[in-house]
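This is work.cif. It holds mmCIF, C-alpha atoms.
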```cif
data_final
loop_
_atom_site.label_atom_id
_atom_site.label_comp_id
_atom_site.auth_asym_id
_atom_site.auth_seq_id
_atom_site.Cartn_x
_atom_site.Cartn_y
_atom_site.Cartn_z
CA MET V 96 -18.52 57.03 -15.42
CA SER V 97 -21.51 58.08 -13.40
CA THR V 98 -21.41 58.38 -9.65
CA HIS V 99 -24.43 56.11 -9.55
CA LYS V 100 -23.46 52.74 -8.09
CA GLN V 101 -24.00 50.05 -10.67
CA LEU V 102 -24.27 46.34 -10.09
CA GLN V 103 -21.32 44.57 -11.69
CA VAL V 104 -23.28 41.33 -11.96
CA SER V 105 -27.02 41.40 -12.49
CA ALA V 106 -29.41 40.75 -9.62
CA ILE V 107 -31.27 37.48 -9.00
CA GLU V 108 -34.80 36.93 -7.76
CA ASN V 109 -34.28 34.00 -5.39
CA GLY V 110 -31.09 32.25 -4.41
CA THR V 111 -27.67 32.85 -2.93
CA VAL V 112 -25.01 35.41 -3.68
CA ILE V 113 -21.50 34.38 -2.72
CA ASP V 114 -19.47 37.57 -2.49
CA HIS V 115 -15.86 38.42 -1.62
CA ILE V 116 -14.30 35.33 -3.16
CA PRO V 117 -10.58 35.91 -3.87
CA ALA V 118 -10.42 36.11 -7.67
CA ASP V 119 -7.91 33.26 -7.94
CA SER V 120 -10.15 30.94 -5.90
CA LEU V 121 -13.27 31.27 -8.04
CA PHE V 122 -12.90 28.02 -9.92
CA LYS V 123 -11.97 26.14 -6.75
CA VAL V 124 -15.20 27.36 -5.16
CA ILE V 125 -17.15 26.24 -8.24
CA THR V 126 -15.58 22.79 -7.97
CA ILE V 127 -16.06 22.43 -4.21
CA LEU V 128 -19.75 23.35 -4.45
CA SER V 129 -20.21 21.21 -7.59
CA LEU V 130 -21.79 24.20 -9.32
CA ASP V 131 -20.77 22.71 -12.65
CA THR V 132 -23.49 20.08 -12.29
CA ILE V 133 -26.47 21.91 -10.82
CA PRO V 134 -29.39 22.72 -13.13
CA HIS V 135 -30.13 26.30 -11.95
CA GLN V 136 -29.08 29.60 -13.46
CA ILE V 137 -25.67 30.76 -12.32
CA THR V 138 -23.93 34.01 -13.09
CA PHE V 139 -20.49 34.89 -11.99
CA GLY V 140 -18.03 37.68 -12.35
CA THR V 141 -14.36 37.74 -11.64
CA ASN V 142 -11.51 40.24 -11.41
CA LEU V 143 -13.99 42.76 -10.03
CA ASP V 144 -12.57 45.65 -8.03
CA SER V 145 -12.67 45.15 -4.29
CA ARG V 146 -11.34 47.50 -1.65
CA LYS V 147 -10.69 44.57 0.69
CA LEU V 148 -9.33 41.89 -1.64
CA GLY V 149 -7.95 43.89 -4.58
CA LYS V 150 -9.57 41.61 -7.13
CA LYS V 151 -12.59 39.58 -6.14
CA ALA V 152 -15.06 37.22 -7.67
CA ILE V 153 -18.77 36.87 -7.09
CA ILE V 154 -21.20 34.02 -7.79
CA LYS V 155 -24.98 34.27 -7.94
CA VAL V 156 -26.88 30.99 -7.88
CA SER V 157 -30.62 31.04 -8.49
CA GLN V 158 -32.96 28.79 -6.52
CA LYS V 159 -30.16 27.42 -4.39
CA PHE V 160 -29.89 27.74 -0.61
CA PHE V 161 -26.87 26.06 0.92
CA GLU V 162 -26.72 24.05 4.14
CA ASP V 163 -24.00 25.10 6.61
CA ASP V 164 -21.86 21.95 6.14
CA GLU V 165 -22.08 22.36 2.42
CA ILE V 166 -21.06 26.00 2.26
CA ASN V 167 -18.45 25.86 5.04
CA LYS V 168 -16.32 23.71 2.76
CA ILE V 169 -15.40 26.78 0.71
CA ALA V 170 -13.93 28.49 3.78
CA LEU V 171 -10.70 26.61 3.02
CA VAL V 172 -10.12 28.65 -0.15
CA ALA V 173 -12.31 31.68 0.51
CA PRO V 174 -12.40 32.39 4.25
CA ASP V 175 -13.79 35.95 3.99
CA VAL V 176 -16.78 35.08 1.85
CA LYS V 177 -20.09 36.86 2.53
CA LEU V 178 -23.29 35.04 1.69
CA ASN V 179 -26.41 36.96 0.85
CA ILE V 180 -29.61 34.97 0.83
CA ILE V 181 -32.01 36.55 -1.65
CA ARG V 182 -35.78 36.23 -1.73
CA ASP V 183 -37.83 38.30 -4.13
CA TYR V 184 -34.81 40.49 -5.01
CA GLU V 185 -34.28 41.38 -1.34
CA VAL V 186 -31.40 40.33 0.90
CA VAL V 187 -33.21 38.46 3.68
CA GLU V 188 -30.15 37.07 5.44
CA LYS V 189 -26.38 37.62 5.50
CA ARG V 190 -24.04 34.85 6.52
CA GLU V 191 -20.34 34.16 6.81
CA VAL V 192 -18.46 30.88 6.46
CA ARG V 193 -16.48 29.07 9.15
CA ILE V 194 -13.61 26.69 8.60
CA PRO V 195 -14.89 23.31 9.84
CA ASP V 196 -13.07 21.21 12.51
CA VAL V 197 -12.93 18.21 10.23
CA VAL V 198 -12.50 18.30 6.46
CA VAL V 199 -13.80 15.23 4.65
CA GLY V 200 -13.31 14.43 0.99
CA ILE V 201 -12.43 17.90 -0.33
CA VAL V 202 -8.67 18.18 -0.12
CA LYS V 203 -5.89 15.85 -1.21
CA CYS V 204 -3.16 14.90 1.24
CA PHE V 205 0.10 16.48 0.07
CA ASN V 206 2.09 13.38 1.04
CA PRO V 207 2.61 11.19 -2.06
CA LYS V 208 3.33 8.19 0.21
CA CYS V 209 -0.01 8.55 2.00
CA ILE V 210 -2.36 5.59 1.49
CA THR V 211 -5.11 8.03 0.38
CA ASN V 212 -3.05 8.92 -2.70
CA ASN V 213 -2.60 5.26 -3.58
CA GLU V 214 -6.05 3.70 -3.10
CA HIS V 215 -9.56 5.04 -3.53
CA ILE V 216 -10.11 6.43 -0.06
CA VAL V 217 -12.12 9.46 1.01
CA THR V 218 -9.61 11.84 2.60
CA ARG V 219 -10.14 13.06 6.13
CA PHE V 220 -8.30 15.84 7.98
CA LYS V 221 -8.42 17.42 11.40
CA VAL V 222 -8.01 21.19 11.19
CA GLU V 223 -5.10 21.94 13.55
CA ASP V 224 -4.78 25.65 12.77
CA LYS V 225 -7.70 27.60 11.32
CA ARG V 226 -5.84 30.88 10.80
CA GLU V 227 -2.77 29.57 9.02
CA LEU V 228 -4.69 26.55 7.74
CA ALA V 229 -2.92 23.37 8.81
CA LEU V 230 -4.75 20.11 8.04
CA LYS V 231 -3.60 16.94 9.76
CA CYS V 232 -4.28 13.81 7.73
CA HIS V 233 -6.33 11.24 9.66
CA TYR V 234 -4.33 8.48 7.94
CA CYS V 235 -0.66 9.44 7.49
CA GLU V 236 -0.76 12.12 10.25
CA LYS V 237 1.21 14.59 8.10
CA ILE V 238 0.24 18.26 7.96
CA THR V 239 -0.97 19.75 4.69
CA THR V 240 -0.64 23.55 4.67
CA LYS V 241 -2.36 26.32 2.72
CA ASP V 242 0.32 26.41 0.00
CA GLU V 243 0.02 22.67 -0.58
CA LEU V 244 -3.76 22.64 -0.83
CA ILE V 245 -5.05 20.68 -3.81
CA MET V 246 -8.72 19.86 -4.23
CA VAL V 247 -9.74 16.23 -4.77
CA MET D 204 -8.03 -2.58 25.52
CA LYS D 205 -9.64 -5.81 24.31
CA ASN D 206 -10.10 -5.76 20.51
CA LYS D 207 -8.57 -2.29 20.25
CA SER D 208 -6.22 -1.80 17.31
CA LEU D 209 -2.77 -0.37 17.95
CA VAL D 210 -1.99 2.00 15.08
CA SER D 211 -0.33 4.94 16.81
CA ILE D 212 1.12 5.17 20.32
CA ASN D 213 -1.44 7.94 20.99
CA ASP D 214 -4.24 5.38 20.67
CA TYR D 215 -3.33 4.06 24.12
CA SER D 216 -3.68 5.90 27.41
CA LYS D 217 -1.01 6.06 30.10
CA GLU D 218 -2.85 3.33 32.05
CA GLU D 219 -3.08 1.07 29.00
CA ILE D 220 0.64 1.53 28.30
CA LEU D 221 1.50 0.61 31.90
CA GLN D 222 -0.75 -2.44 31.75
CA ILE D 223 1.07 -3.70 28.64
CA LEU D 224 4.45 -3.15 30.31
CA GLU D 225 3.31 -5.19 33.33
CA LEU D 226 2.18 -8.03 31.08
CA ALA D 227 5.51 -7.87 29.25
CA ALA D 228 7.37 -8.28 32.56
CA GLU D 229 5.28 -11.36 33.36
CA PHE D 230 6.09 -12.87 29.97
CA GLU D 231 9.78 -12.17 30.45
CA ALA D 232 9.66 -14.08 33.74
CA ASN D 233 7.86 -16.96 32.06
CA PRO D 234 8.04 -16.75 28.25
CA ASN D 235 6.26 -19.94 27.23
CA GLN D 236 2.59 -19.47 27.98
CA PRO D 237 0.30 -21.03 25.37
CA LEU D 238 -2.62 -18.78 26.29
CA LEU D 239 -3.74 -18.34 22.68
CA LYS D 240 -3.72 -22.03 21.67
CA ASP D 241 -6.89 -21.79 19.61
CA LYS D 242 -6.05 -18.52 17.84
CA VAL D 243 -4.75 -17.66 14.38
CA VAL D 244 -2.71 -14.50 13.87
CA ALA D 245 -2.07 -13.07 10.40
CA SER D 246 1.37 -11.59 9.87
CA LEU D 247 1.16 -9.42 6.74
CA PHE D 248 4.49 -7.91 5.72
CA PHE D 249 3.96 -5.90 2.54
CA GLU D 250 7.62 -4.94 2.72
CA PRO D 251 10.38 -7.04 4.21
CA SER D 252 11.49 -6.35 7.77
CA THR D 253 13.11 -9.47 9.07
CA ARG D 254 13.89 -8.19 12.55
CA THR D 255 10.36 -6.98 13.28
CA ARG D 256 8.70 -9.98 11.67
CA LEU D 257 10.76 -12.55 13.56
CA SER D 258 10.15 -10.70 16.81
CA PHE D 259 6.38 -10.74 16.25
CA GLU D 260 6.26 -14.32 15.04
CA THR D 261 8.34 -15.47 18.01
CA ALA D 262 5.92 -13.67 20.31
CA ILE D 263 2.92 -15.28 18.58
CA ASN D 264 4.49 -18.75 18.75
CA ARG D 265 5.41 -18.39 22.42
CA LEU D 266 1.77 -17.58 23.11
CA GLY D 267 0.81 -20.83 21.39
CA ALA D 268 -1.11 -19.21 18.50
CA ARG D 269 -0.60 -20.11 14.86
CA VAL D 270 0.73 -17.73 12.20
CA ILE D 271 -0.47 -17.26 8.64
CA GLY D 272 0.74 -14.60 6.22
CA PHE D 273 3.59 -13.48 4.01
CA SER D 274 6.94 -11.79 4.48
CA ASP D 275 7.08 -9.71 1.32
CA SER D 276 4.38 -8.36 -1.01
CA SER D 277 5.81 -10.21 -4.03
CA SER D 278 4.46 -13.42 -2.48
CA SER D 279 1.05 -11.89 -1.73
CA SER D 280 -1.92 -11.01 -3.91
CA THR D 281 -0.72 -7.39 -3.94
CA SER D 282 1.56 -8.41 -6.80
CA LYS D 283 -1.61 -9.25 -8.77
CA GLY D 284 -2.95 -5.76 -8.10
CA GLU D 285 -5.26 -6.48 -5.18
CA THR D 286 -5.99 -3.42 -3.06
CA LEU D 287 -5.05 -3.24 0.59
CA LYS D 288 -8.74 -2.97 1.41
CA ASP D 289 -9.56 -6.29 -0.26
CA THR D 290 -6.59 -8.09 1.30
CA ILE D 291 -7.61 -6.89 4.76
CA LYS D 292 -11.30 -7.75 4.21
CA MET D 293 -10.33 -11.26 3.23
CA VAL D 294 -7.70 -11.90 5.91
CA SER D 295 -9.90 -10.52 8.69
CA ASN D 296 -12.36 -13.30 7.85
CA TYR D 297 -9.67 -15.87 8.57
CA ALA D 298 -7.58 -14.57 11.47
CA ASP D 299 -8.29 -13.37 15.01
CA LEU D 300 -5.66 -10.62 14.85
CA ILE D 301 -3.66 -8.92 12.10
CA VAL D 302 -0.07 -7.74 12.42
CA MET D 303 0.78 -5.54 9.46
CA ARG D 304 3.84 -3.82 7.99
CA HIS D 305 3.27 -1.65 4.93
CA PRO D 306 5.40 0.89 3.02
CA LEU D 307 2.60 3.48 2.67
CA GLU D 308 1.88 5.96 5.44
CA GLY D 309 -1.60 5.77 6.92
CA SER D 310 -2.09 2.21 5.66
CA ALA D 311 -2.40 0.86 9.21
CA ARG D 312 -5.16 3.31 10.20
CA TYR D 313 -7.01 2.46 7.01
CA ALA D 314 -6.57 -1.29 7.58
CA SER D 315 -7.91 -0.95 11.14
CA GLU D 316 -11.04 0.69 9.72
CA GLN D 317 -11.57 -2.05 7.15
CA SER D 318 -10.78 -5.02 9.38
CA ARG D 319 -13.25 -7.01 11.51
CA VAL D 320 -10.43 -7.97 13.86
CA PRO D 321 -7.85 -5.75 15.64
CA VAL D 322 -4.81 -4.58 13.70
CA ILE D 323 -1.34 -4.07 15.18
CA ASN D 324 0.78 -1.63 13.19
CA ALA D 325 4.26 -3.05 12.69
CA GLY D 326 5.34 0.08 10.82
CA ASP D 327 3.55 2.14 8.14
CA GLY D 328 6.20 3.87 6.05
CA ALA D 329 7.79 6.75 7.91
CA ASN D 330 4.68 7.27 10.02
CA GLN D 331 4.24 5.10 13.13
CA HIS D 332 5.84 2.04 14.70
CA PRO D 333 4.15 1.85 18.10
CA THR D 334 5.45 -1.56 19.18
CA GLN D 335 8.99 -0.17 18.89
CA THR D 336 7.95 2.63 21.22
CA LEU D 337 6.47 0.19 23.73
CA LEU D 338 9.62 -1.91 23.74
CA ASP D 339 11.66 1.26 24.26
CA LEU D 340 9.43 2.12 27.22
CA TYR D 341 9.77 -1.41 28.56
CA SER D 342 13.56 -1.19 28.29
CA ILE D 343 13.60 2.17 30.07
CA LYS D 344 11.34 0.97 32.87
CA LYS D 345 13.25 -2.26 33.30
CA THR D 346 16.64 -0.55 33.56
CA GLN D 347 15.59 2.52 35.56
CA GLY D 348 12.90 0.92 37.73
CA THR D 349 10.50 3.70 36.78
CA LEU D 350 9.40 5.87 33.86
CA ASP D 351 8.87 8.97 35.99
CA ASN D 352 11.11 12.08 36.14
CA LEU D 353 13.90 10.74 33.91
CA THR D 354 16.40 12.76 31.88
CA ILE D 355 16.59 11.55 28.28
CA ILE D 356 19.10 12.66 25.67
CA MET D 357 18.08 12.01 22.07
CA VAL D 358 20.84 12.15 19.47
CA GLY D 359 20.96 12.15 15.69
CA ASP D 360 18.16 12.45 13.16
CA LEU D 361 15.42 14.06 15.22
CA LYS D 362 13.63 15.45 12.18
CA TYR D 363 12.68 12.26 10.35
CA GLY D 364 13.22 9.66 13.06
CA ARG D 365 9.77 8.26 13.78
CA THR D 366 11.02 6.32 16.81
CA VAL D 367 12.12 9.49 18.60
CA HIS D 368 8.82 11.23 17.87
CA SER D 369 6.72 8.37 19.21
CA LEU D 370 8.97 7.90 22.23
CA LEU D 371 8.78 11.61 22.98
CA MET D 372 4.98 11.55 22.94
CA ALA D 373 4.76 8.40 25.06
CA MET D 374 7.30 9.68 27.61
CA ALA D 375 5.37 12.95 27.88
CA HIS D 376 3.02 11.07 30.28
CA PHE D 377 5.87 10.70 32.78
CA ASN D 378 7.34 14.18 33.40
CA PRO D 379 10.69 13.75 31.63
CA THR D 380 13.47 16.24 30.88
CA PHE D 381 14.74 16.08 27.31
CA TYR D 382 17.99 17.11 25.65
CA PHE D 383 17.81 17.11 21.85
CA VAL D 384 21.15 16.78 20.08
CA ALA D 385 20.99 17.22 16.31
CA PRO D 386 22.54 19.15 13.42
CA GLN D 387 20.60 22.19 12.24
CA GLU D 388 19.15 20.29 9.27
CA LEU D 389 17.77 17.48 11.41
CA LYS D 390 16.39 19.39 14.40
CA MET D 391 13.25 18.27 16.24
CA PRO D 392 10.25 19.50 14.17
CA ARG D 393 8.27 22.47 15.42
CA GLU D 394 5.08 20.44 15.98
CA TYR D 395 6.83 18.35 18.66
CA ILE D 396 8.41 21.41 20.27
CA ILE D 397 4.92 22.94 20.54
CA TYR D 398 3.59 19.66 21.90
CA LEU D 399 6.16 19.70 24.72
CA GLN D 400 5.62 23.40 25.45
CA ASN D 401 1.87 22.83 25.77
CA LYS D 402 2.51 20.02 28.24
CA GLY D 403 4.98 22.11 30.24
CA ILE D 404 7.83 19.65 29.74
CA THR D 405 11.42 20.87 30.11
CA PHE D 406 13.68 20.41 27.10
CA TYR D 407 16.94 21.78 25.73
CA GLU D 408 18.17 21.85 22.14
CA GLN D 409 21.88 21.64 21.39
CA SER D 410 24.09 20.75 18.44
CA ASP D 411 26.92 18.95 20.25
CA MET D 412 27.10 15.86 22.43
CA THR D 413 27.49 17.53 25.81
CA ASN D 414 25.52 17.15 29.06
CA LEU D 415 25.84 13.35 28.86
CA GLU D 416 26.56 13.31 32.61
CA LYS D 417 22.96 14.43 33.25
CA ALA D 418 21.31 11.57 31.39
CA ASP D 419 19.49 8.47 32.60
CA ILE D 420 18.85 7.37 29.01
CA LEU D 421 20.94 8.13 25.94
CA TYR D 422 18.83 7.38 22.87
CA MET D 423 20.98 7.23 19.74
CA THR D 424 19.67 7.25 16.14
CA ARG D 425 21.22 7.04 12.74
CA VAL D 426 22.11 10.18 10.78
CA GLN D 427 21.39 9.13 7.20
CA LYS D 428 23.21 10.71 4.29
CA GLU D 429 20.09 10.79 2.10
CA ARG D 430 18.37 13.12 4.56
CA PHE D 431 20.71 15.98 3.68
CA SER D 432 20.00 18.31 0.79
CA ASP D 433 23.66 19.34 0.87
CA SER D 434 26.17 16.47 0.95
CA MET D 435 28.92 18.85 2.16
CA GLU D 436 26.81 19.51 5.23
CA TYR D 437 26.53 15.76 5.82
CA GLU D 438 30.31 15.30 5.63
CA ARG D 439 30.73 18.16 8.07
CA VAL D 440 28.36 16.83 10.74
CA LYS D 441 28.52 13.05 10.35
CA ASN D 442 31.29 12.54 12.87
CA ALA D 443 29.82 14.89 15.45
CA TYR D 444 27.16 12.38 16.45
CA ILE D 445 29.20 9.25 17.02
CA LEU D 446 29.27 7.80 20.51
CA ARG D 447 32.66 6.53 21.70
CA ASN D 448 33.27 4.57 24.88
CA TYR D 449 35.44 7.28 26.52
CA MET D 450 32.49 9.68 26.32
CA LEU D 451 30.61 7.53 28.86
CA GLU D 452 33.31 7.95 31.54
CA ASN D 453 31.66 10.52 33.78
CA THR D 454 28.09 9.48 33.15
CA LYS D 455 25.63 8.31 35.80
CA PRO D 456 25.93 4.67 36.94
CA ASN D 457 22.32 3.99 35.94
CA LEU D 458 22.77 5.39 32.40
CA LYS D 459 21.74 3.09 29.56
CA VAL D 460 22.44 3.61 25.86
CA LEU D 461 19.51 2.69 23.61
CA HIS D 462 19.28 2.49 19.83
CA PRO D 463 16.37 1.19 17.69
CA LEU D 464 18.87 -0.68 15.42
CA PRO D 465 20.19 -1.25 12.84
CA ARG D 466 23.14 0.99 13.62
CA VAL D 467 25.79 1.98 11.13
CA ASN D 468 28.64 3.84 12.77
CA GLU D 469 26.87 6.19 15.20
CA ILE D 470 27.75 3.93 18.13
CA HIS D 471 31.38 2.87 17.88
CA THR D 472 31.88 -0.85 18.54
CA ASP D 473 34.16 0.08 21.47
CA VAL D 474 30.96 0.91 23.37
CA ASP D 475 29.54 -2.63 22.98
CA PRO D 476 31.34 -4.25 25.97
CA ASN D 477 30.38 -1.36 28.28
CA PRO D 478 27.60 -2.49 30.67
CA LYS D 479 25.84 0.79 29.87
CA ALA D 480 25.32 -0.39 26.28
CA TYR D 481 21.82 -1.80 26.23
CA TYR D 482 20.76 -1.89 22.55
CA PHE D 483 21.01 -5.65 22.10
CA GLN D 484 18.97 -6.44 25.23
CA GLN D 485 16.55 -3.76 24.05
CA ALA D 486 15.90 -5.81 20.91
CA GLU D 487 15.35 -8.95 22.99
CA ASN D 488 12.79 -7.07 25.09
CA GLY D 489 10.80 -6.65 21.88
CA VAL D 490 9.53 -10.23 22.03
CA TYR D 491 8.17 -9.88 25.61
CA THR D 492 6.67 -6.49 24.85
CA ARG D 493 4.92 -7.83 21.74
CA MET D 494 3.60 -10.78 23.76
CA GLY D 495 2.20 -8.23 26.21
CA ILE D 496 0.58 -6.21 23.42
CA ILE D 497 -0.99 -9.25 21.76
CA ALA D 498 -2.21 -10.64 25.08
CA ALA D 499 -3.77 -7.30 26.06
CA ILE D 500 -5.56 -6.94 22.72
CA MET D 501 -6.81 -10.53 22.88
CA GLY D 502 -8.27 -9.77 26.29
CA LEU D 503 -5.88 -11.66 28.55
CA HIS D 504 -4.80 -10.28 31.93
#
```
Transcribe the structure of this file into structure tokens.
Amino acid sequence: MSTHKQLQVSAIENGTVIDHIPADSLFKVITILSLDTIPHQITFGTNLDSRKLGKKAIIKVSQKFFEDDEINKIALVAPDVKLNIIRDYEVVEKREVRIPDVVVGIVKCFNPKCITNNEHIVTRFKVEDKRELALKCHYCEKITTKDELIMV
Amino acid sequence: MKNKSLVSINDYSKEEILQILELAAEFEANPNQPLLKDKVVASLFFEPSTRTRLSFETAINRLGARVIGFSDSSSSSTSKGETLKDTIKMVSNYADLIVMRHPLEGSARYASEQSRVPVINAGDGANQHPTQTLLDLYSIKKTQGTLDNLTIIMVGDLKYGRTVHSLLMAMAHFNPTFYFVAPQELKMPREYIIYLQNKGITFYEQSDMTNLEKADILYMTRVQKERFSDSMEYERVKNAYILRNYMLENTKPNLKVLHPLPRVNEIHTDVDPNPKAYYFQQAENGVYTRMGIIAAIMGLH
């Protein structure tokens, strides 16, 4: 192997690079951002070596620039993500994600007796603890924790 | 408070709670006041609860309003597969107020969002039952003369008991001191402990029924066998949380024993004749409290 640093996933001209995704959260991120339905070129790599995360994943989306509310949704499963905004092959901006105060329509309530698991209702949670991730259901008032997190 | 749904006890401020309790006292002094003669109240019981339903319907009738509804979902359109949303949309076109009991948690909040008229939660699964809390507060105020600076001992299932959680949060407005008496498996959940710590409220946790002589209110709840993962553990603790009459000997003269009912064996029947036993009057207070709640929501003073 050469000492020359090689890109593990090829570069894009314009768009967004989502880096430092925990490898096991890659497909959750794809689902949350609905990347399976957008028409632009997407490349991704997973199980890449990372000093910080052990194994990480990376997604490069061409021609796509995310709004804050849109991208902050992934903070639930990938809190340490780094966003690189690319224009003409250059990184023009670096951003991080923040866990929002209110989580709407992304996560299922863990409580099987909650009304949201029994009728078609958009879920809604207040984030009680951002570090440990504790989501209080607006309806049944029960707390869904990190280990119980299931995407809608 | 006019037109404001009552889903959780936290929906109402300290002032609003006190206003309801004052109205309840007025209705107790004079129970037949047909103030809502031209109103229709829907009483929607998606699961049976005879005690709560009769209490509400008595309150509605004493206020002179008329009741529509059902007492069990098998006699409602739910049995045909209608969603809660559709039932509420329809009924809120007919009635001026909805009283609802439902087995699913969060159903009352959802109904209040779908309804054009206010919704009173008469119990949504294991979640909230705020009118029970208000009648507990009414009973405490009536017997103690005040809600401020009281010592309250809560006994039994403090983990799953929704009545103790709601009462704890409501009493937190009034600088109480709490003693929590429960077996290890049914201890007060951490979220409520943190809640009290943040409010600077004094509380003690213990696993035996001591310190009764300090109490103004002894709030008993049922320890249910099905709450235990280990049935041996249940057999071991079940008799530790039974109140017997002799245990009340050295208690304060103003002490009252409360229980949300139904009881099984956690209060021995030898307590019943003791003037400190208050659980049956507590249930009666439910009618006046519910009259107060309905009147406040319908905008009466």
Query raised in the report: Contacts of range 211-224 of chain V at 8 Å or less, counting all atoms listed in the file, minus same-chain residues fewer than 5 places along, as a list in words?
Result: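 These residues fall inside the cut-off: Pro195, Asp196, Val197, Val198, Val199, Gly200, Ile201, Val202, Lys203, Cys204, Asn206, Ala229, Leu230, Lys231, Cys232, His233 and Tyr234 of chain V; Thr286, Leu287 and Gly309 of chain D.
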Query raised in the report: Hey, what's within 9 Å of Thr290 in chain D if we count only C-alpha atoms and toss same-chain stuff fewer than 5 positions away? As a PyMOL selection string, please?
Result: chain D and resi 280-281+285+295
For those residues, write C-alpha atoms to a file as a PDB file, in the frame of the given file.
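This is the output file part_32.pdb:
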```pdb
ATOM      1  CA  SER D 280      -1.920 -11.010  -3.910  1.00  0.00           C
ATOM      2  CA  THR D 281      -0.720  -7.390  -3.940  1.00  0.00           C
ATOM      3  CA  GLU D 285      -5.260  -6.480  -5.180  1.00  0.00           C
ATOM      4  CA  SER D 295      -9.900 -10.520   8.690  1.00  0.00           C
TER       5      SER D 295
END
```
Requested in this report: List, as a list in words, every residue that the PyMOL selection byres ((chain D) within 9 of (chain V)) selects in the file provided.
Outcome: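 For this structure, the PyMOL selection byres ((chain D) within 9 of (chain V)) resolves to Thr286, Leu287, Lys288, Pro306, Leu307, Glu308, Gly309, Ser310, Ala311, Arg312, Tyr313, Asp327, Gly328, Ala329, Asn330 and Gln331 of chain D.
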Report task. Just the residues within 7 Å of range 248-254 of chain D, please, counting all atoms listed in the file, with nothing from its chain fewer than 4 positions along; format it as number ranges by chain. Result -> D: 258, 273-276, 303-306
Query raised in the report: Which is closer to Lys241 in chain V than all the others in V:Glu185, V:Leu148, V:Phe161, V:Ala170, using all atoms listed in the file?
Result: V:Ala170
Requested in this report: Enumerate, as a list of chain:residue names, the residues matched when the PyMOL selection byres ((chain D and resi 361) around 10) is run on the file above.
Outcome: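 Going through the file, the PyMOL selection byres ((chain D and resi 361) around 10) ends up selecting D:Met357, D:Val358, D:Gly359, D:Asp360, D:Lys362, D:Tyr363, D:Gly364, D:Arg365, D:Thr366, D:Val367, D:His368, D:Phe383, D:Val384, D:Ala385, D:Pro386, D:Glu388, D:Leu389, D:Lys390, D:Met391, D:Pro392, D:Met423, D:Thr424, D:Arg425, D:Val426.
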Restrict the selected residues to C-alpha atoms and save them as a compact mmCIF listing (two decimals), keeping the file's coordinate frame.
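Ended up saving to result14.txt:
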```
# COMPACT_ATOMS: atom_id res chain seq x y z
CA MET D 357 18.08 12.01 22.07
CA VAL D 358 20.84 12.15 19.47
CA GLY D 359 20.96 12.15 15.69
CA ASP D 360 18.16 12.45 13.16
CA LYS D 362 13.63 15.45 12.18
CA TYR D 363 12.68 12.26 10.35
CA GLY D 364 13.22 9.66 13.06
CA ARG D 365 9.77 8.26 13.78
CA THR D 366 11.02 6.32 16.81
CA VAL D 367 12.12 9.49 18.60
CA HIS D 368 8.82 11.23 17.87
CA PHE D 383 17.81 17.11 21.85
CA VAL D 384 21.15 16.78 20.08
CA ALA D 385 20.99 17.22 16.31
CA PRO D 386 22.54 19.15 13.42
CA GLU D 388 19.15 20.29 9.27
CA LEU D 389 17.77 17.48 11.41
CA LYS D 390 16.39 19.39 14.40
CA MET D 391 13.25 18.27 16.24
CA PRO D 392 10.25 19.50 14.17
CA MET D 423 20.98 7.23 19.74
CA THR D 424 19.67 7.25 16.14
CA ARG D 425 21.22 7.04 12.74
CA VAL D 426 22.11 10.18 10.78
```
Query raised in the report: What does the distance from CA of Val243 in chain D to CA of Glu260 in chain D come to in Å, to one decimal?
Result: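 Between CA of Val243 in chain D and CA of Glu260 in chain D the gap works out to 11.5 Å.
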Query raised in the report: Expressed in Å to a single decimal, how great is the separation between CA of Leu503 in chain D and CA of Ser216 in chain D?
Result: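 Calculated distance between CA of Leu503 in chain D and CA of Ser216 in chain D is 17.7 Å.
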Please, which residues in range 168-204 of chain V fall within 6 Å of range 115-139 of chain V when counting all atoms listed in the file, and what is the closest atom pair and distance in Å to one decimal for each, ordered by chain then residue number, as CSV?
```
residue,atom,partner,partner_atom,distance
V:Ile169,CA,V:Val124,CA,5.9
V:Ala173,CA,V:Ile116,CA,5.5
V:Val176,CA,V:His115,CA,4.9
```
**Report entry** Pairwise distance for CA of Glu165 in chain V and CA of Ile107 in chain V, rounded to one decimal in Å
**Finding:** 21.1 Å
Just want the 10 Å neighbourhood of Asn477 in chain D, counted on all atoms listed in the file, with same-chain residues fewer than 6 positions away dropped. Output as a compact mmCIF listing (two decimals) with C-alpha atoms, in the frame of the given file.
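And here is the file that came out, result.txt:
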```txt
# COMPACT_ATOMS: atom_id res chain seq x y z
CA ASN D 448 33.27 4.57 24.88
CA LEU D 451 30.61 7.53 28.86
CA LYS D 459 21.74 3.09 29.56
CA VAL D 460 22.44 3.61 25.86
```
Query - For Ala152 in chain V, the nearest of the candidates V:Glu243, V:Asp183, V:Glu188, V:Asp114, counting all atoms listed in the file - result: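 When distances to Ala152 in chain V are compared using all atoms listed in the file, the smallest one comes from V:Asp114.
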Report task. Please identify all polymer residues within 12 Å of Ala418 in chain D, counting only C-alpha atoms, omitting same-chain residues fewer than 4 positions from it, and present them as a list in words. Result ->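 Near Ala418 in chain D, the qualifying residues are Gln347, Asn352, Leu353, Thr354, Ile355, Ile356, Met357, Val358, Pro379, Thr380, Phe381, Tyr382, Phe383, Met412, Thr413, Asn414, Tyr422, Leu451, Asn453, Thr454, Lys455, Pro456, Asn457, Leu458, Lys459, Val460, Leu461 and Lys479 of chain D.
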**Report entry** Distance criterion (all atoms listed in the file): nearest to Gln387 in chain D out of D:Leu350, D:Leu415, D:Met372, D:Val440
**Finding:**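 So, comparing all the options, the nearest one is D:Val440.
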